[in-house]
file coords_12.txt (compact mmCIF, C-alpha atoms)
# COMPACT_ATOMS: atom_id res chain seq x y z
CA MET Z 14 0.00 0.00 0.00
CA ALA Z 15 1.41 3.33 -1.05
CA ALA Z 16 2.32 5.90 1.63
CA LEU Z 17 0.00 8.92 1.97
CA PRO Z 18 1.46 12.43 1.41
CA ALA Z 19 2.06 14.66 4.45
CA ARG Z 20 -0.80 17.02 5.28
CA GLY Z 21 1.48 19.99 6.13
CA GLN Z 22 2.54 21.76 2.93
CA GLN Z 23 6.20 22.76 2.81
CA TYR Z 24 7.18 26.25 1.59
CA SER Z 25 10.62 27.22 0.48
CA ALA Z 26 12.26 30.46 1.68
CA PRO Z 27 12.97 33.18 -0.89
CA ALA Z 28 16.33 33.08 -2.51
CA GLY Z 29 19.09 34.66 -0.49
CA THR Z 30 17.17 34.62 2.81
CA ALA Z 31 17.37 31.08 3.70
CA GLY Z 32 17.63 30.64 7.41
CA ALA Z 33 17.59 34.44 8.22
CA PRO Z 34 15.46 35.45 11.23
CA PRO Z 35 12.71 38.03 10.72
CA PRO Z 36 13.68 41.72 11.53
CA GLN Z 37 13.06 42.91 15.06
CA PRO Z 38 10.59 45.80 15.50
CA VAL Z 39 12.15 49.20 16.46
CA LEU Z 40 10.64 50.56 19.65
CA ALA Z 41 10.71 54.33 20.56
CA VAL Z 42 12.40 54.92 23.90
CA PRO Z 43 10.28 57.30 26.03
CA PRO Z 44 12.11 60.21 27.77
CA PRO Z 45 12.99 59.59 31.37
CA PRO Z 46 10.48 61.01 33.81
CA PRO Z 47 11.58 64.12 35.80
CA PRO Z 48 12.92 63.44 39.25
CA VAL Z 49 10.36 63.53 41.95
CA ASN Z 50 12.32 66.06 44.03
CA ALA Z 51 13.69 68.19 41.17
CA PRO Z 52 15.08 71.61 42.33
CA PRO Z 53 13.32 74.74 41.04
CA PRO Z 54 14.90 76.49 38.05
CA LEU Z 55 17.71 78.88 38.88
CA VAL Z 56 16.68 82.53 39.37
CA PRO Z 57 19.30 85.27 38.93
CA PRO Z 58 20.15 86.91 42.24
CA PRO Z 59 18.78 90.41 42.87
CA ALA Z 60 20.92 93.40 41.94
CA PRO Z 61 23.28 94.37 44.73
CA PRO Z 62 22.61 97.61 46.59
CA PRO Z 63 24.40 100.71 45.28
CA THR Z 64 28.02 100.93 46.33
CA PHE Z 65 29.23 104.44 46.96
CA THR Z 66 32.81 105.52 46.60
CA SER Z 67 34.40 104.82 49.94
CA GLY Z 68 36.58 107.32 51.71
CA LEU Z 69 36.87 111.05 51.26
CA GLN Z 70 36.83 112.38 47.70
CA LEU Z 71 37.58 115.88 46.41
CA ILE Z 72 36.22 116.99 43.03
CA ALA Z 73 37.20 120.31 41.45
CA TYR Z 74 35.09 122.07 38.79
CA PRO Z 75 37.10 124.88 37.17
CA TYR Z 76 35.07 126.68 34.52
CA LEU Z 77 34.89 129.68 32.23
CA TRP Z 78 31.49 131.33 31.94
CA LEU Z 79 30.67 133.72 29.09
CA PRO Z 80 27.43 135.31 30.27
CA HIS Z 81 25.31 138.20 29.10
CA LEU Z 82 24.43 140.51 32.00
CA ASN Z 83 21.13 142.31 32.47
CA MET Z 84 20.97 144.27 35.71
CA ALA Z 85 18.47 146.80 37.07
CA ILE Z 86 19.47 148.88 40.10
CA THR Z 87 16.90 150.78 42.14
CA THR Z 88 18.04 154.32 43.04
CA PRO Z 89 16.61 157.14 45.20
CA LEU Z 90 16.67 159.54 42.22
CA GLN Z 91 13.20 160.71 41.26
CA ARG Z 92 14.21 161.31 37.64
CA ALA Z 93 16.01 157.96 37.42
CA PRO Z 94 14.42 155.56 39.91
CA GLN Z 95 15.98 152.61 38.09
CA VAL Z 96 19.29 152.28 36.27
CA ASN Z 97 19.51 149.52 33.67
CA ILE Z 98 22.81 147.88 32.78
CA SER Z 99 23.27 145.52 29.86
CA ALA Z 100 26.56 143.97 28.76
CA GLY Z 101 27.55 141.03 26.64
CA ALA Z 102 30.32 138.57 27.41
CA GLY Z 103 32.80 140.51 25.29
CA GLU Z 104 32.07 143.76 27.13
CA ILE Z 105 32.21 142.05 30.52
CA TYR Z 106 35.62 140.48 29.96
CA SER Z 107 37.04 143.59 28.31
CA ASP Z 108 35.86 145.72 31.26
CA LEU Z 109 36.90 143.32 34.01
CA ARG Z 110 38.90 144.80 36.83
CA PRO Z 111 41.74 142.79 38.39
CA ALA Z 112 41.16 139.57 40.35
CA PRO Z 113 37.98 138.05 38.89
CA PHE Z 114 37.28 134.48 40.03
CA MET Z 115 34.92 131.66 39.17
CA GLY Z 116 35.05 128.01 40.14
CA ALA Z 117 33.39 125.20 42.08
CA ALA Z 118 34.40 122.19 44.19
CA GLU Z 119 32.73 119.23 45.89
CA LEU Z 120 33.77 117.33 48.99
CA ARG Z 121 32.14 113.88 49.12
CA TYR Z 122 32.09 111.01 51.60
CA GLY Z 123 29.98 108.08 50.48
CA PRO Z 124 26.48 109.26 49.52
CA VAL Z 125 26.89 112.65 51.27
CA GLY Z 126 28.55 115.62 49.64
CA PHE Z 127 28.98 119.36 50.00
CA LEU Z 128 29.01 121.36 46.77
CA ALA Z 129 30.35 124.94 46.74
CA ASP Z 130 30.50 127.51 43.93
CA ALA Z 131 32.04 130.99 44.02
CA LEU Z 132 31.76 133.82 41.50
CA HIS Z 133 33.48 137.22 41.88
CA VAL Z 134 33.02 139.65 38.99
CA PRO Z 135 34.27 143.24 39.28
CA LEU Z 136 33.56 145.23 36.11
CA GLU Z 137 32.73 148.59 34.65
CA VAL Z 138 29.87 148.76 32.19
CA PRO Z 139 28.24 151.61 30.26
CA ILE Z 140 24.71 152.73 31.07
CA THR Z 141 22.11 153.50 28.43
CA THR Z 142 19.62 156.29 29.15
CA ARG Z 143 16.91 158.03 27.11
CA ASN Z 144 19.21 161.07 26.77
CA ILE Z 145 16.60 163.44 28.15
CA PHE Z 146 17.57 164.15 31.74
CA TYR Z 147 20.87 162.28 31.56
CA SER Z 148 23.19 161.48 28.69
CA GLY Z 149 24.34 157.94 29.43
CA GLY Z 150 26.81 157.06 32.11
CA ASN Z 151 28.78 154.19 33.54
CA SER Z 152 28.69 151.94 36.57
CA ALA Z 153 31.46 150.16 38.48
CA VAL Z 154 29.71 146.93 39.52
CA VAL Z 155 31.09 144.26 41.83
CA LEU Z 156 29.12 141.03 42.13
CA SER Z 157 30.18 138.33 44.59
CA VAL Z 158 28.09 135.16 44.73
CA VAL Z 159 28.77 132.10 46.90
CA THR Z 160 26.56 129.00 46.73
CA GLY Z 161 26.72 126.01 49.08
CA ASP Z 162 24.63 122.81 48.89
CA LEU Z 163 24.54 119.86 51.26
CA ILE Z 164 23.47 117.01 48.97
CA TYR Z 165 22.62 113.34 49.34
CA ARG Z 166 22.80 110.71 46.56
CA VAL Z 167 19.28 109.32 46.36
CA LEU Z 168 19.98 107.24 43.23
CA ASP Z 169 23.29 105.57 42.35
CA GLN Z 170 23.28 103.30 39.29
CA PRO Z 171 26.06 102.41 36.85
CA ASN Z 172 24.69 104.76 34.18
CA GLN Z 173 22.90 107.49 36.17
CA THR Z 174 22.91 109.31 39.51
CA ILE Z 175 20.59 111.75 41.27
CA ASP Z 176 21.57 114.10 44.11
CA ALA Z 177 19.16 116.22 46.13
CA GLY Z 178 19.67 118.58 49.03
CA LEU Z 179 19.35 121.95 50.71
CA GLY Z 180 21.65 124.94 50.45
CA PHE Z 181 22.14 128.67 50.51
CA ARG Z 182 23.36 131.47 48.25
CA VAL Z 183 25.11 134.59 49.54
CA TRP Z 184 24.94 137.69 47.36
CA GLY Z 185 27.07 140.79 47.63
CA ALA Z 186 26.38 143.50 45.06
CA SER Z 187 27.74 147.02 44.89
CA ALA Z 188 27.37 149.64 42.20
CA ASP Z 189 29.10 153.02 41.92
CA THR Z 190 26.92 154.63 39.26
CA THR Z 191 27.53 157.92 37.46
CA LEU Z 192 24.88 159.51 35.23
CA ASN Z 193 26.17 162.17 32.85
CA GLY Z 194 24.27 165.44 33.03
CA ARG Z 195 21.98 166.76 30.32
CA LEU Z 196 18.88 168.58 31.59
CA LEU Z 197 19.94 167.56 35.09
CA PRO Z 198 23.46 167.83 36.49
CA THR Z 199 25.81 164.88 36.64
CA THR Z 200 24.83 162.57 39.47
CA THR Z 201 26.70 159.82 41.28
CA VAL Z 202 24.91 157.15 43.29
CA ASP Z 203 26.54 154.42 45.43
CA ARG Z 204 24.54 151.36 46.31
CA PHE Z 205 25.44 148.18 48.17
CA GLY Z 206 23.39 145.17 49.14
CA ALA Z 207 24.16 141.81 50.78
CA TRP Z 208 21.79 138.99 51.63
CA THR Z 209 21.52 135.19 51.94
CA ASP Z 210 18.85 133.04 50.33
CA PRO Z 211 17.84 129.46 51.26
CA LEU Z 212 17.85 126.98 48.38
CA ILE Z 213 16.43 123.63 47.30
CA ALA Z 214 18.84 121.92 44.89
CA ALA Z 215 19.01 118.83 42.66
CA ARG Z 216 21.53 117.34 40.24
CA TYR Z 217 21.22 114.57 37.63
CA HIS Z 218 23.95 112.81 35.64
CA ARG Z 219 23.51 110.29 32.84
CA ASP Z 220 26.19 108.26 31.06
CA PHE Z 221 25.54 107.49 27.38
CA GLY Z 222 28.61 105.32 26.84
CA ASN Z 223 31.78 105.88 24.82
CA GLY Z 224 32.84 108.54 27.32
CA PHE Z 225 29.85 110.85 26.76
CA GLY Z 226 27.43 112.00 29.44
CA LEU Z 227 24.94 114.69 30.44
CA THR Z 228 24.75 116.66 33.69
CA ALA Z 229 21.89 118.92 34.79
CA TYR Z 230 21.81 121.05 37.95
CA GLY Z 231 19.09 123.33 39.25
CA ASP Z 232 18.16 125.19 42.41
CA VAL Z 233 15.44 127.56 43.51
CA GLY Z 234 15.24 129.76 46.59
CA GLY Z 235 14.64 133.13 48.13
CA PHE Z 236 10.94 132.50 48.84
CA GLY Z 237 10.63 136.11 50.07
CA ILE Z 238 12.82 135.41 53.09
CA ALA Z 239 15.57 137.59 51.59
CA ALA Z 240 15.26 137.83 47.81
CA HIS Z 241 11.88 137.48 46.17
CA THR Z 242 13.21 134.87 43.75
CA ASP Z 243 16.62 133.28 43.40
CA TRP Z 244 17.20 130.44 40.93
CA GLU Z 245 19.81 128.82 38.72
CA ILE Z 246 19.99 126.14 36.01
CA ILE Z 247 23.08 124.50 34.49
CA GLY Z 248 23.20 121.91 31.73
CA THR Z 249 26.40 120.42 30.28
CA LEU Z 250 27.46 117.77 27.79
CA ASP Z 251 30.43 115.88 29.26
CA TYR Z 252 33.24 113.82 27.78
CA ALA Z 253 35.54 111.60 29.87
CA LEU Z 254 39.00 112.36 28.56
CA LYS Z 255 40.68 110.35 31.34
CA PRO Z 256 39.35 108.42 34.36
CA TRP Z 257 40.05 111.44 36.55
CA LEU Z 258 39.27 114.21 34.02
CA ASP Z 259 36.05 115.20 32.21
CA LEU Z 260 35.60 118.12 29.82
CA SER Z 261 32.25 119.90 29.58
CA VAL Z 262 30.41 122.41 27.42
CA GLY Z 263 26.98 123.77 28.32
CA TYR Z 264 24.77 126.66 29.39
CA ARG Z 265 24.17 128.43 32.69
CA SER Z 266 21.56 130.93 33.88
CA LEU Z 267 21.75 132.66 37.29
CA ASN Z 268 18.94 135.00 38.36
CA VAL Z 269 17.88 137.00 41.42
CA SER Z 270 15.31 139.64 42.27
CA TYR Z 271 15.96 141.48 45.54
CA SER Z 272 14.73 144.67 47.17
CA ALA Z 273 15.12 146.03 50.70
CA SER Z 274 11.96 147.42 52.27
CA GLU Z 275 13.69 149.72 54.77
CA LYS Z 276 15.70 151.65 52.14
CA PRO Z 277 15.56 152.18 48.38
CA VAL Z 278 17.94 149.41 47.41
CA GLY Z 279 17.02 146.86 44.78
CA TYR Z 280 18.71 144.53 42.32
CA ASN Z 281 17.36 142.48 39.47
CA VAL Z 282 20.25 140.44 38.06
CA ARG Z 283 20.18 138.10 35.08
CA PHE Z 284 23.33 136.20 34.09
CA LYS Z 285 23.01 133.73 31.20
CA GLY Z 286 25.38 132.31 28.64
CA PRO Z 287 27.59 129.41 27.48
CA LEU Z 288 29.84 127.56 29.88
CA LEU Z 289 33.13 125.71 29.39
CA GLY Z 290 34.39 123.57 32.23
CA ALA Z 291 36.19 120.52 33.54
CA THR Z 292 35.76 117.93 36.29
CA MET Z 293 38.92 116.85 38.13
CA ARG Z 294 38.73 114.01 40.68
CA PHE Z 295 41.31 113.61 43.44
call {"tool": "encode", "arguments": {"input": "coords_12.txt", "output": "structure tokens"}}
result
Amino acid sequence: MAALPARGQQYSAPAGTAGAPPPQPVLAVPPPPPPVNAPPPLVPPPAPPPTFTSGLQLIAYPYLWLPHLNMAITTPLQRAPQVNISAGAGEIYSDLRPAPFMGAAELRYGPVGFLADALHVPLEVPITTRNIFYSGGNSAVVLSVVTGDLIYRVLDQPNQTIDAGLGFRVWGASADTTLNGRLLPTTTVDRFGAWTDPLIAARYHRDFGNGFGLTAYGDVGGFGIAAHTDWEIIGTLDYALKPWLDLSVGYRSLNVSYSASEKPVGYNVRFKGPLLGATMRF
């Protein structure tokens, strides 16, 4: 009896793959889970408090001011109750008497500083009249102005600073005025006044980079205690030539209105003009 064929059919492997196992599936590896006690992300530390220059520091501010002067002097003369004086910078410096002075300095310890400015201008200037009762004249004027401010640095950042404080300004003004006669005879009037005004002051400095910066100073005072009004503004563009030396160019305006009630003495003074200066740190 013939043998029966096997019930399981045999299949042959494709050519070239005989005996090769089937490819394994590629499984994606999931990312590891975050640690249970992971630390919080790092936060940058807060900015450190301002650090002021330690020790005693002296700063000198020599400058050359080229102002225009407008000045009105109250006199007891009925025909000329007020003498007006006007002079430009060229006239002022050509008519200067010996020993003029102008300059400023600051003494600083940490955030506290004392800022002082002195101006002494002796000059002779012509007087313009209406040529009716008097035919012009001249006046020998001496102005001495001393300003002192006790300031505190309320803001100290790498690129800007703000100082604020209280101060005073002492004025001394004298005028030996001669009016040339026309309808009235030649008249000479001497007037002197001295007073001290309280001040509120502030200063701001901003660094722009590449050595350039801006400084602004202002004060206001008088308040009727001595002068009716007394104020000043200064603005300069600065350039750091060396770490200890800055050069500046800017504008300054100094103004006061004063009158004494017990005697006919009064001054209205307006100084304004360009300013050239330097800052020297020691």
call {"tool": "closest_residue", "arguments": {"input": "coords_12.txt", "among": "Z:Ala118, Z:Ala131, Z:Ala240, Z:Ile86", "to": "Ser187 of chain Z", "atoms": "only C-alpha atoms"}}
result
Z:Ile86
call {"tool": "residues_around", "arguments": {"input": "coords_12.txt", "residues": "Thr200 of chain Z", "least_positions_apart": "5", "cutoff": "10 Å", "atoms": "all atoms listed in the file", "output": "VMD selection string"}}
result
chain Z and resid 90 147 150 190 to 194
call {"tool": "atom_distance", "arguments": {"input": "coords_12.txt", "atom1": "atom CA of Ala186 of chain Z", "atom2": "atom CA of Gly263 of chain Z"}}
result
25.9 Å
call {"tool": "residues_around", "arguments": {"input": "coords_12.txt", "residues": "Phe284 of chain Z", "least_positions_apart": "5", "cutoff": "7 Å", "atoms": "only C-alpha atoms", "output": "list in words"}}
result
Pro80, His81, Leu82, Asn83, Ser266, Leu267 and Asn268 of chain Z
call {"tool": "closest_residue", "arguments": {"input": "coords_12.txt", "among": "Z:Phe225, Z:Trp184, Z:Tyr217, Z:Tyr264", "to": "Tyr252 of chain Z", "atoms": "all atoms listed in the file"}}
result
Z:Phe225
call {"tool": "atom_distance", "arguments": {"input": "coords_12.txt", "atom1": "atom CA of Val159 of chain Z", "atom2": "atom CA of Ser272 of chain Z"}}
result
18.8 Å
call {"tool": "closest_residue", "arguments": {"input": "coords_12.txt", "among": "Z:Trp78, Z:Arg219, Z:Ile140, Z:His133", "to": "Gln170 of chain Z", "atoms": "all atoms listed in the file"}}
result
Z:Arg219
call {"tool": "residues_near_point", "arguments": {"input": "coords_12.txt", "point": "(32.8, 117.9, 46.9)", "cutoff": "8 Å", "atoms": "all atoms listed in the file", "output": "PDB file with C-alpha atoms, in the frame of the given file"}}
result
ATOM      1  CA  GLN Z  70      36.830 112.380  47.700  1.00  0.00           C
ATOM      2  CA  LEU Z  71      37.580 115.880  46.410  1.00  0.00           C
ATOM      3  CA  ILE Z  72      36.220 116.990  43.030  1.00  0.00           C
ATOM      4  CA  ALA Z  73      37.200 120.310  41.450  1.00  0.00           C
ATOM      5  CA  ALA Z 118      34.400 122.190  44.190  1.00  0.00           C
ATOM      6  CA  GLU Z 119      32.730 119.230  45.890  1.00  0.00           C
ATOM      7  CA  LEU Z 120      33.770 117.330  48.990  1.00  0.00           C
ATOM      8  CA  ARG Z 121      32.140 113.880  49.120  1.00  0.00           C
ATOM      9  CA  GLY Z 126      28.550 115.620  49.640  1.00  0.00           C
ATOM     10  CA  PHE Z 127      28.980 119.360  50.000  1.00  0.00           C
ATOM     11  CA  LEU Z 128      29.010 121.360  46.770  1.00  0.00           C
ATOM     12  CA  ALA Z 129      30.350 124.940  46.740  1.00  0.00           C
TER      13      ALA Z 129
END
call {"tool": "closest_residue", "arguments": {"input": "coords_12.txt", "among": "Z:Asp251, Z:Asp220, Z:Asp189, Z:Asp259", "to": "Pro171 of chain Z", "atoms": "all atoms listed in the file"}}
result
Z:Asp220
call {"tool": "atom_distance", "arguments": {"input": "coords_12.txt", "atom1": "atom CA of Gly116 of chain Z", "atom2": "atom CA of Arg283 of chain Z"}}
result
18.7 Å
call {"tool": "closest_residue", "arguments": {"input": "coords_12.txt", "among": "Z:Pro198, Z:Gly180, Z:Gly101, Z:Gly123", "to": "Asp210 of chain Z", "atoms": "all atoms listed in the file"}}
result
Z:Gly180
call {"tool": "residues_near_point", "arguments": {"input": "coords_12.txt", "point": "(24.8, 128.2, 31.4)", "cutoff": "7 Å", "atoms": "all atoms listed in the file", "output": "list of chain:residue names"}}
result
Z:Ile246, Z:Ile247, Z:Gly248, Z:Gly263, Z:Tyr264, Z:Arg265, Z:Ser266, Z:Lys285, Z:Gly286, Z:Pro287, Z:Leu288
call {"tool": "write_last_selection", "arguments": {"input": "coords_12.txt", "atoms": "C-alpha atoms", "output": "CSV table (one decimal), in the frame of the given file"}}
result
chain,number,residue,atom,x,y,z
Z,246,ILE,CA,20.0,126.1,36.0
Z,247,ILE,CA,23.1,124.5,34.5
Z,248,GLY,CA,23.2,121.9,31.7
Z,263,GLY,CA,27.0,123.8,28.3
Z,264,TYR,CA,24.8,126.7,29.4
Z,265,ARG,CA,24.2,128.4,32.7
Z,266,SER,CA,21.6,130.9,33.9
Z,285,LYS,CA,23.0,133.7,31.2
Z,286,GLY,CA,25.4,132.3,28.6
Z,287,PRO,CA,27.6,129.4,27.5
Z,288,LEU,CA,29.8,127.6,29.9
call {"tool": "closest_residue", "arguments": {"input": "coords_12.txt", "among": "Z:Ala177, Z:Leu109, Z:Ala153, Z:Ala188", "to": "Gly279 of chain Z", "atoms": "all atoms listed in the file"}}
result
Z:Ala188
call {"tool": "axis_aligned_box", "arguments": {"input": "coords_12.txt", "around": "segment 140-152 of chain Z", "padding_each_side": "3 Å", "output": "lines of an AutoDock Vina configuration file"}}
result
center_x = 22.7
center_y = 158.0
center_z = 31.7
size_x = 18.2
size_y = 18.2
size_z = 15.8
call {"tool": "residues_around", "arguments": {"input": "coords_12.txt", "residues": "Ile105 of chain Z", "least_positions_apart": "3", "cutoff": "8 Å", "atoms": "all atoms listed in the file", "output": "PDB file with C-alpha atoms, keeping the file's coordinate frame"}}
result
ATOM      1  CA  ALA Z 100      26.560 143.970  28.760  1.00  0.00           C
ATOM      2  CA  GLY Z 101      27.550 141.030  26.640  1.00  0.00           C
ATOM      3  CA  ALA Z 102      30.320 138.570  27.410  1.00  0.00           C
ATOM      4  CA  ASP Z 108      35.860 145.720  31.260  1.00  0.00           C
ATOM      5  CA  LEU Z 109      36.900 143.320  34.010  1.00  0.00           C
ATOM      6  CA  LEU Z 136      33.560 145.230  36.110  1.00  0.00           C
ATOM      7  CA  GLU Z 137      32.730 148.590  34.650  1.00  0.00           C
ATOM      8  CA  VAL Z 138      29.870 148.760  32.190  1.00  0.00           C
TER       9      VAL Z 138
END
call {"tool": "decode", "arguments": {"input": "coords_12.txt", "residues": "segment 220-236 of chain Z", "atoms": "N, CA, C and O atoms", "output": "mmCIF file, in the first residue's frame"}}
result
data_model
loop_
_atom_site.group_PDB
_atom_site.id
_atom_site.type_symbol
_atom_site.label_atom_id
_atom_site.label_comp_id
_atom_site.auth_asym_id
_atom_site.auth_seq_id
_atom_site.Cartn_x
_atom_site.Cartn_y
_atom_site.Cartn_z
ATOM 1 N N ASP Z 220 25.140 108.725 31.944
ATOM 2 C CA ASP Z 220 26.194 108.258 31.057
ATOM 3 C C ASP Z 220 25.569 107.630 29.818
ATOM 4 O O ASP Z 220 24.693 106.764 29.925
ATOM 5 N N PHE Z 221 26.034 108.039 28.630
ATOM 6 C CA PHE Z 221 25.543 107.493 27.377
ATOM 7 C C PHE Z 221 26.463 106.423 26.809
ATOM 8 O O PHE Z 221 26.112 105.758 25.839
ATOM 9 N N GLY Z 222 27.638 106.258 27.382
ATOM 10 C CA GLY Z 222 28.612 105.321 26.844
ATOM 11 C C GLY Z 222 29.605 106.022 25.942
ATOM 12 O O GLY Z 222 29.404 107.176 25.516
ATOM 13 N N ASN Z 223 30.714 105.337 25.665
ATOM 14 C CA ASN Z 223 31.780 105.878 24.819
ATOM 15 C C ASN Z 223 32.342 107.181 25.363
ATOM 16 O O ASN Z 223 32.809 108.044 24.608
ATOM 17 N N GLY Z 224 32.267 107.358 26.686
ATOM 18 C CA GLY Z 224 32.837 108.544 27.317
ATOM 19 C C GLY Z 224 31.913 109.737 27.413
ATOM 20 O O GLY Z 224 32.249 110.724 28.064
ATOM 21 N N PHE Z 225 30.741 109.702 26.781
ATOM 22 C CA PHE Z 225 29.854 110.853 26.761
ATOM 23 C C PHE Z 225 28.818 110.766 27.883
ATOM 24 O O PHE Z 225 28.387 109.680 28.273
ATOM 25 N N GLY Z 226 28.423 111.941 28.379
ATOM 26 C CA GLY Z 226 27.426 111.998 29.437
ATOM 27 C C GLY Z 226 26.743 113.352 29.456
ATOM 28 O O GLY Z 226 27.123 114.289 28.739
ATOM 29 N N LEU Z 227 25.722 113.464 30.293
ATOM 30 C CA LEU Z 227 24.941 114.689 30.440
ATOM 31 C C LEU Z 227 24.755 114.979 31.912
ATOM 32 O O LEU Z 227 24.432 114.079 32.695
ATOM 33 N N THR Z 228 24.954 116.238 32.309
ATOM 34 C CA THR Z 228 24.750 116.657 33.692
ATOM 35 C C THR Z 228 23.807 117.849 33.716
ATOM 36 O O THR Z 228 23.974 118.794 32.933
ATOM 37 N N ALA Z 229 22.830 117.809 34.613
ATOM 38 C CA ALA Z 229 21.891 118.916 34.786
ATOM 39 C C ALA Z 229 21.814 119.262 36.262
ATOM 40 O O ALA Z 229 21.678 118.374 37.119
ATOM 41 N N TYR Z 230 21.905 120.557 36.571
ATOM 42 C CA TYR Z 230 21.806 121.049 37.947
ATOM 43 C C TYR Z 230 20.790 122.177 37.984
ATOM 44 O O TYR Z 230 20.698 123.002 37.062
ATOM 45 N N GLY Z 231 20.033 122.236 39.075
ATOM 46 C CA GLY Z 231 19.090 123.327 39.253
ATOM 47 C C GLY Z 231 18.834 123.590 40.715
ATOM 48 O O GLY Z 231 18.904 122.677 41.547
ATOM 49 N N ASP Z 232 18.571 124.842 41.039
ATOM 50 C CA ASP Z 232 18.156 125.192 42.405
ATOM 51 C C ASP Z 232 17.167 126.344 42.341
ATOM 52 O O ASP Z 232 17.091 127.082 41.344
ATOM 53 N N VAL Z 233 16.404 126.484 43.398
ATOM 54 C CA VAL Z 233 15.436 127.562 43.511
ATOM 55 C C VAL Z 233 15.385 127.981 44.974
ATOM 56 O O VAL Z 233 15.514 127.144 45.873
ATOM 57 N N GLY Z 234 15.237 129.283 45.207
ATOM 58 C CA GLY Z 234 15.240 129.757 46.592
ATOM 59 C C GLY Z 234 14.737 131.177 46.707
ATOM 60 O O GLY Z 234 14.055 131.699 45.827
ATOM 61 N N GLY Z 235 15.137 131.804 47.811
ATOM 62 C CA GLY Z 235 14.640 133.132 48.126
ATOM 63 C C GLY Z 235 13.361 133.049 48.925
ATOM 64 O O GLY Z 235 13.340 133.285 50.132
ATOM 65 N N PHE Z 236 12.264 132.706 48.232
ATOM 66 C CA PHE Z 236 10.940 132.505 48.841
ATOM 67 C C PHE Z 236 10.480 133.715 49.653
ATOM 68 O O PHE Z 236 9.684 133.593 50.583
#
